[in-house]
Amino acid sequence: MAKSLNRFEILYCHMVEPRMKTASEIFECTESLTPMRKVFDGTFIVAGGYTREDGNKAVAEGRADLVAYGRLFLANPDLPRRFELDAPLTKYDRPSFYSFDPVVGYTDYPFLETIE
């Protein structure tokens, strides 16, 4: 499937690796996307519960070009800065992900400057 995308000159392929056993327990399967990565010519993006260390390792080992951090980014709108400083991360609140409240959830997580 991933190889067949090349003929369409698709710029990127974003795959979610099945790394999560439960909402808080990670199941390591670091090679599950490697066959697709090897045959896809464009930018290969992975997601699936990666930590900073896991993401850096995936890129360094050539298993991905980029890593998507969904839940971590929701709870840490300044995630790149926190990674750069090795600053603590705000825990995400899963029940607020799909709230009808326009303020709670996606917009109320603190930036690093407000908690230092």
# chains A, B, ... in the order shown; residues from 1 in each chain; ligands from 1
>>> select_by_dssp(residues="chain A", states="strand (DSSP E)", output="VMD selection string")
chain A and resid 12 to 16 43 to 47 66 to 67
>>> residues_around(residues="Thr43 in chain A", least_positions_apart="3", cutoff="9 Å", atoms="only C-alpha atoms", output="MDAnalysis selection string")
chainID A and resid 10:14 37 40 64:66
>>> write_last_selection(atoms="N, CA and C atoms", output="CSV table (one decimal), in the first residue's frame")
chain,number,residue,atom,x,y,z
A,10,ILE,N,2.7,11.4,-3.6
A,10,ILE,CA,2.1,11.9,-2.3
A,10,ILE,C,3.3,12.5,-1.5
A,11,LEU,N,3.1,13.6,-0.9
A,11,LEU,CA,4.2,14.3,-0.2
A,11,LEU,C,4.5,13.6,1.2
A,12,TYR,N,3.5,13.1,1.9
A,12,TYR,CA,3.8,12.5,3.2
A,12,TYR,C,2.8,11.4,3.4
A,13,CYS,N,3.2,10.5,4.3
A,13,CYS,CA,2.3,9.4,4.8
A,13,CYS,C,2.4,9.5,6.3
A,14,HIS,N,1.2,9.6,6.9
A,14,HIS,CA,1.1,9.7,8.4
A,14,HIS,C,0.5,8.5,8.9
A,37,ARG,N,7.9,2.3,5.8
A,37,ARG,CA,8.9,3.4,5.7
A,37,ARG,C,9.9,3.1,4.7
A,40,PHE,N,8.2,3.8,1.1
A,40,PHE,CA,7.5,5.1,0.8
A,40,PHE,C,8.6,6.1,0.5
A,64,ALA,N,11.4,7.0,10.9
A,64,ALA,CA,10.4,8.1,10.6
A,64,ALA,C,11.2,9.3,10.3
A,65,ASP,N,10.6,10.2,9.5
A,65,ASP,CA,11.2,11.5,9.3
A,65,ASP,C,10.7,12.5,10.3
A,66,LEU,N,9.4,12.4,10.7
A,66,LEU,CA,8.8,13.3,11.7
A,66,LEU,C,8.0,12.4,12.6
>>> closest_residue(among="A:Leu5, A:Val16, A:Ala68, A:Ala87", to="Leu112 in chain A", atoms="only C-alpha atoms")
A:Ala87
>>> select_by_dssp(residues="chain A", states="alpha helix (DSSP H)", output="PyMOL selection string")
chain A and resi 2-5+34-39+52-60+70-75+79-85
>>> residues_around(residues="Gly55 in chain A", least_positions_apart="3", cutoff="9 Å", atoms="only C-alpha atoms", output="ChimeraX atom specification")
/A:46-47,50-52,58-60,64,66-69
>>> residues_around(residues="range 101-107 of chain A", least_positions_apart="2", cutoff="10 Å", atoms="only C-alpha atoms", output="PyMOL selection string")
chain A and resi 73-77+92-99+109-110
>>> residues_around(residues="Leu33 in chain A", least_positions_apart="4", cutoff="8 Å", atoms="only C-alpha atoms", output="mmCIF file with N, CA, C and O atoms, in the first residue's frame")
data_model
loop_
_atom_site.group_PDB
_atom_site.id
_atom_site.type_symbol
_atom_site.label_atom_id
_atom_site.label_comp_id
_atom_site.auth_asym_id
_atom_site.auth_seq_id
_atom_site.Cartn_x
_atom_site.Cartn_y
_atom_site.Cartn_z
ATOM 1 N N MET A 15 1.295 7.701 9.643
ATOM 2 C CA MET A 15 0.839 6.410 10.157
ATOM 3 C C MET A 15 0.796 6.427 11.681
ATOM 4 O O MET A 15 1.677 6.989 12.323
ATOM 5 N N GLU A 17 1.232 4.194 14.796
ATOM 6 C CA GLU A 17 1.795 2.912 15.214
ATOM 7 C C GLU A 17 0.983 2.365 16.382
ATOM 8 O O GLU A 17 0.651 3.103 17.315
ATOM 9 N N ARG A 37 7.901 2.294 5.796
ATOM 10 C CA ARG A 37 8.886 3.381 5.748
ATOM 11 C C ARG A 37 9.917 3.131 4.657
ATOM 12 O O ARG A 37 10.308 4.039 3.935
ATOM 13 N N ARG A 63 13.382 5.236 11.234
ATOM 14 C CA ARG A 63 12.036 4.668 11.199
ATOM 15 C C ARG A 63 10.984 5.717 10.888
ATOM 16 O O ARG A 63 9.833 5.384 10.611
#
